[in-house]
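Beneath this line is the structure, given in structure tokens, with notes to follow.
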Amino acid sequence: MKKLLLPFITGCLIVNLCNAQPGKTEITRWQDDKKGAVSITWDDGSINQFKVALPLLNSFKFPATFFIITGQIPGSTYHGKFIGRPVQDIIKETATIATNTDNLFERASAASYLGLIGPMDYYYNAGSLIDAGKTDEAIKLIDELYSKVRNNEFKQGIQHNPEYMDAHGTTWAEIRKYAAQGHEFASHMITHPRLAILDEPSMLYELTKSKEEILKHLGARYTFSGEGPFGTENERVMGYAYKVYPALRNRMPEPWLKEISRGNISNPGNTGKEYIQFQRGATTKTPMPMMKAWVDTTANKNNTWLVLTIHGVDGIGWEALSHQQLNEYFNYIKTRENKLWVATFGDVTRYMRERQNAKVKTTSNSSITVTLSHTLNKAMYNVPLTLKTYVPVNWKLVKVTQGASRQTLKIMAATDKAGPYIIYRAKPNNLPIKLKGI
């Protein structure tokens with residue numbers, strides 16, 4: 001008798017261990033339980049991004065994020081200007097007081113607004129040095145600049161940076177139309193500045209007034225994301241920028257996120273963190289096989305978010321890719337769409353943060369009730385989360401109801417040894433989600 005009883009008990013234990021309790025619910029790492037996420041982002045807003053690349057994106061049904069320079073768009077209220085004392089006073093002062101850490105940022109901020117052709121180049125180069133941590137070299141460069149200004153070595157005129165000039169050609173009305181097609185528009189500041197070398201008033205002007213411009217023309221949803229030009233990760237800049245934009249492509253200081261910036265040649269490896277942001281720049285120097293390998297890496301892991309950064313298109317803009325290259329690349333991503341969630345930078349950020357701050361509660365009897373909520377600002381964080389709920393083995397179909405939303409789903413049993421389940425999207429608004437078997 002004992003010999004017969006032991007296998008029977010052991011078999012029951014194995015069944016109980018191998019089947020999840022009906023009602024058990026988890027939030028999938030990515031929307032629709034995909035293996036990874038891809039965000040296609042664009043910098044500067046040069047005209048061929050909209051005339052050439054955007055229709056191509058639409059043909060693949062890929063929403064993208066465009067970081068736009070707002071100051072050059074017709075109808076914009078805020079344009080580049082120096083926020084401070086008269087520039088002639090600054091020029092005069094440079095003759096008797098050398099540039100130092102106390103006055104560097106003011107002098108650099110004024111450089112582009114002296115009414116001269118040439119000082120902007122010094123400002124940009126000095127900003128690059130500050131981003132690289134070479135403050136002493138930046139000081140010498142600004143001193144040299146003002147010496148030439150005092151010696152009248154520059155021609156009179158107005159100078160804009162190349163990115164600002166290439167961004168001409170789009171209107172706010174057209175941008176609203178593109179946004180309605182599912183694309184995200186986000187701040188790339190007013191003038192594409194070197195934020196790291198601006199003084200506080202000038203930096204805040206670029207950060208906040210660009211956001212106000214987008215709010216006025218597009219609405220609050222489009223004030224979520226921002227990108228400081230040149231991918232700056234300067235600590236001083238980040239301290240200001242974090243207070244203006246909830247999500248920055250430059251850097252996101254989440255304890256659960258490992259970031260690999262464009263300047264880091266590393267590939268995603270093993271990490272104890274929940275997510276990896278794998279940011280890569282697609283340029284004319286990037287071989288297509290390497291660009292495709294980024295996609296494969298993302299599809300073959302389960303925690304990686306590939307953030308692509310692209311600039312020019314068909315000869316207009318920095319490091320311009322051809323429409324043929326873009327078509328080939330987007331088609332490659334499309335063939336892996338069963339594993340990849342392609343979404344805007346803002347929506348992927350929202351999803352991750354919502355998931356990390358969400359709670360799921362379930363009750364189960366003849367039906368299953370799930371409640372889903374998070375602790376974030378619900379006006380800002382409102383992307384549906386994807387739930388995986390295990391259901392009884394005798395259910396064939398499941399009716400899912402949340403508020404006015406109703407859907408009937410098939411059971412997914414073959415891919416999970418723990419038992420049958422369904423995958424569905426739900427709003428994290430604390431409204432009960434009712435699951436009823438058919």
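Identifiers in this document derive from the order of the structure tokens: chains are assigned A, B, ..., residues are numbered from 1 separately in each chain, and ligands are numbered from 1 in order of occurrence.
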
### Query
Which neighbours of range 270-284 of chain A fall inside 9 Å, counting only C-alpha atoms, when residues of the same chain fewer than 6 positions from it are skipped, and could you give them as a PyMOL selection string?
chain A and resi 29+249+255-264+291+294+298+302-312+318-322+352

Which residues come within 9 Å of range 328-333 of chain A, counting only C-alpha atoms, excluding same-chain residues fewer than 6 positions away, as a tab-separated table (two decimals) with C-alpha atoms, in the first residue's frame?
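Contents of part.tsv, as written:
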```tsv
chain	number	residue	atom	x	y	z
A	38	VAL	CA	12.82	50.00	-29.99
A	56	LEU	CA	8.38	55.91	-44.66
A	57	LEU	CA	7.81	55.42	-40.93
A	60	PHE	CA	5.78	50.57	-41.56
A	62	PHE	CA	6.32	52.92	-36.71
A	288	MET	CA	24.28	48.39	-42.05
A	291	MET	CA	22.81	48.53	-37.27
A	292	LYS	CA	20.98	45.27	-37.85
A	295	VAL	CA	18.16	45.00	-33.50
A	296	ASP	CA	19.09	41.32	-33.16
A	340	LEU	CA	9.96	43.98	-30.61
A	342	VAL	CA	8.32	49.80	-31.53
```

Would you list, as a CSV table (one decimal) with C-alpha atoms, in the first residue's frame, the residues of range 123-209 of chain A that end up in strand (DSSP E or B) under DSSP run on this structure's backbone?
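Just written: part39.csv:
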```
chain,number,residue,atom,x,y,z
A,155,LYS,CA,32.7,90.9,-39.6
A,156,GLN,CA,29.3,92.3,-38.7
A,184,GLU,CA,6.0,62.3,-30.5
A,185,PHE,CA,7.4,65.8,-30.8
A,186,ALA,CA,9.8,66.8,-28.0
A,187,SER,CA,12.2,69.6,-27.2
```

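You will find CA of Arg236 in chain A at 7.2 Å from CA of Ala196 in chain A.
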
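Of the listed residues (A:Pro63, A:Asp43, A:Pro384, A:Val313), A:Pro63 comes nearest to Gln181 in chain A; the distances count only C-alpha atoms.
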
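When DSSP is run on the backbone, the residues of range 204-282 of chain A that fall into alpha helix (DSSP H) are Leu204, Tyr205, Glu206, Leu207, Thr208, Lys209, Ser210, Lys211, Glu212, Glu213, Ile214, Leu215, Lys216, His217, Leu218, Glu235, Arg236, Val237, Met238, Gly239, Tyr240 and Ala241 of chain A.
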
Export, as a PDB file, in the first residue's frame, the selected residues with C-alpha atoms.
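Final output, saved to again17.pdb:
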```
ATOM      1  CA  LEU A 204      16.820  78.134 -18.222  1.00  0.00           C
ATOM      2  CA  TYR A 205      15.581  80.234 -21.141  1.00  0.00           C
ATOM      3  CA  GLU A 206      16.507  77.489 -23.620  1.00  0.00           C
ATOM      4  CA  LEU A 207      15.028  74.743 -21.437  1.00  0.00           C
ATOM      5  CA  THR A 208      11.804  76.349 -20.292  1.00  0.00           C
ATOM      6  CA  LYS A 209      10.792  78.511 -23.240  1.00  0.00           C
ATOM      7  CA  SER A 210      11.173  75.661 -25.702  1.00  0.00           C
ATOM      8  CA  LYS A 211       8.852  73.653 -23.465  1.00  0.00           C
ATOM      9  CA  GLU A 212       6.367  76.542 -23.316  1.00  0.00           C
ATOM     10  CA  GLU A 213       6.410  76.783 -27.108  1.00  0.00           C
ATOM     11  CA  ILE A 214       5.588  73.105 -27.474  1.00  0.00           C
ATOM     12  CA  LEU A 215       2.863  73.356 -24.828  1.00  0.00           C
ATOM     13  CA  LYS A 216       1.266  76.247 -26.714  1.00  0.00           C
ATOM     14  CA  HIS A 217       1.279  74.582 -30.124  1.00  0.00           C
ATOM     15  CA  LEU A 218       0.927  70.865 -29.299  1.00  0.00           C
ATOM     16  CA  GLU A 235      26.079  67.222 -14.312  1.00  0.00           C
ATOM     17  CA  ARG A 236      25.271  70.919 -14.008  1.00  0.00           C
ATOM     18  CA  VAL A 237      23.010  70.781 -17.070  1.00  0.00           C
ATOM     19  CA  MET A 238      21.249  67.648 -15.867  1.00  0.00           C
ATOM     20  CA  GLY A 239      20.526  69.306 -12.538  1.00  0.00           C
ATOM     21  CA  TYR A 240      18.502  71.978 -14.331  1.00  0.00           C
ATOM     22  CA  ALA A 241      17.049  69.836 -17.106  1.00  0.00           C
TER      23      ALA A 241
END
```

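Remark: for Tyr424 in chain A, the closest of the candidate residues A:Tyr390, A:Val348, A:His79, A:Ala108 is A:Tyr390 (distances computed over only C-alpha atoms).
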
### Query
If you count only C-alpha atoms, which residues fall within 7 Å of range 420-423 of chain A, apart from same-chain ones fewer than 2 positions away, as a PyMOL selection string?
chain A and resi 32+386-391+393+410-413

Given the selection you just returned, output its residues as a file containing N, CA and C atoms, formatted as an mmCIF file, in the first residue's frame.
```cif
data_model
loop_
_atom_site.group_PDB
_atom_site.id
_atom_site.type_symbol
_atom_site.label_atom_id
_atom_site.label_comp_id
_atom_site.auth_asym_id
_atom_site.auth_seq_id
_atom_site.Cartn_x
_atom_site.Cartn_y
_atom_site.Cartn_z
ATOM 1 N N ASP A 32 2.576 44.078 -24.650
ATOM 2 C CA ASP A 32 2.186 42.882 -25.409
ATOM 3 C C ASP A 32 3.161 41.727 -25.226
ATOM 4 N N THR A 386 0.534 45.903 -19.968
ATOM 5 C CA THR A 386 0.121 44.570 -20.429
ATOM 6 C C THR A 386 0.178 43.591 -19.263
ATOM 7 N N LEU A 387 -0.916 42.883 -19.061
ATOM 8 C CA LEU A 387 -1.023 41.911 -17.982
ATOM 9 C C LEU A 387 -1.037 40.491 -18.526
ATOM 10 N N LYS A 388 -0.484 39.600 -17.739
ATOM 11 C CA LYS A 388 -0.525 38.164 -18.022
ATOM 12 C C LYS A 388 -1.229 37.509 -16.845
ATOM 13 N N THR A 389 -2.403 36.982 -17.098
ATOM 14 C CA THR A 389 -3.198 36.366 -16.035
ATOM 15 C C THR A 389 -3.428 34.895 -16.351
ATOM 16 N N TYR A 390 -3.113 34.028 -15.376
ATOM 17 C CA TYR A 390 -3.376 32.595 -15.525
ATOM 18 C C TYR A 390 -4.855 32.328 -15.251
ATOM 19 N N VAL A 391 -5.426 31.419 -16.039
ATOM 20 C CA VAL A 391 -6.863 31.146 -15.956
ATOM 21 C C VAL A 391 -7.102 29.642 -15.760
ATOM 22 N N VAL A 393 -8.071 25.769 -16.270
ATOM 23 C CA VAL A 393 -7.783 24.917 -17.430
ATOM 24 C C VAL A 393 -9.024 24.635 -18.268
ATOM 25 N N LYS A 410 -8.430 34.612 -26.726
ATOM 26 C CA LYS A 410 -8.131 33.183 -26.750
ATOM 27 C C LYS A 410 -7.120 32.856 -25.657
ATOM 28 N N ILE A 411 -7.201 31.640 -25.164
ATOM 29 C CA ILE A 411 -6.257 31.149 -24.160
ATOM 30 C C ILE A 411 -4.914 30.881 -24.828
ATOM 31 N N MET A 412 -3.837 31.198 -24.123
ATOM 32 C CA MET A 412 -2.489 30.904 -24.600
ATOM 33 C C MET A 412 -1.888 29.890 -23.640
ATOM 34 N N ALA A 413 -1.872 28.644 -24.043
ATOM 35 C CA ALA A 413 -1.441 27.576 -23.142
ATOM 36 C C ALA A 413 -0.142 26.908 -23.563
#
```

Compile the contact shell of Tyr245 in chain A as a short mmCIF file (atom, residue, chain, number, x, y, z; two decimals) with C-alpha atoms, in the first residue's frame: residues with an atom at most 8 Å away, counting only C-alpha atoms, same-chain residues fewer than 5 positions apart removed.
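As written to disk, out.cif reads:
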```cif
data_model
loop_
_atom_site.label_atom_id
_atom_site.label_comp_id
_atom_site.auth_asym_id
_atom_site.auth_seq_id
_atom_site.Cartn_x
_atom_site.Cartn_y
_atom_site.Cartn_z
CA THR A 223 6.24 68.43 -22.99
CA PHE A 224 7.24 65.08 -21.47
CA SER A 225 10.51 64.37 -23.32
CA GLY A 226 13.57 66.48 -24.02
#
```

### Task
Using only C-alpha atoms, pick whichever of A:Ile433, A:Ala95, A:Leu198, A:Ala126 has the shortest atom-to-atom distance to Gln407 in chain A.
A:Ile433

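Nearest residue to Lys436 in chain A among A:Met380, A:Pro22, A:Asp166, A:Tyr122 is A:Pro22, counting only C-alpha atoms.
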
#### Entry: Test item: residues at most 7 Å from Ile197 in chain A, only C-alpha atoms, excluding those fewer than 3 positions along its chain, as JSON, numbers by chain
{"A": [105, 108, 127, 130, 194]}

### Task
Identify, on the basis of only C-alpha atoms, every residue whose closest approach to Ile47 in chain A does not exceed 10 Å; exclude the query and any residue fewer than 6 positions from it along the same chain; express the result as a ChimeraX atom specification.
/A:53,166-170,312-313,316-317

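Residue nearest Lys81 in chain A within the list A:Ile117, A:Leu409, A:Ile158, A:Ile97: A:Ile158 [criterion: smallest interatomic distance, only C-alpha atoms].
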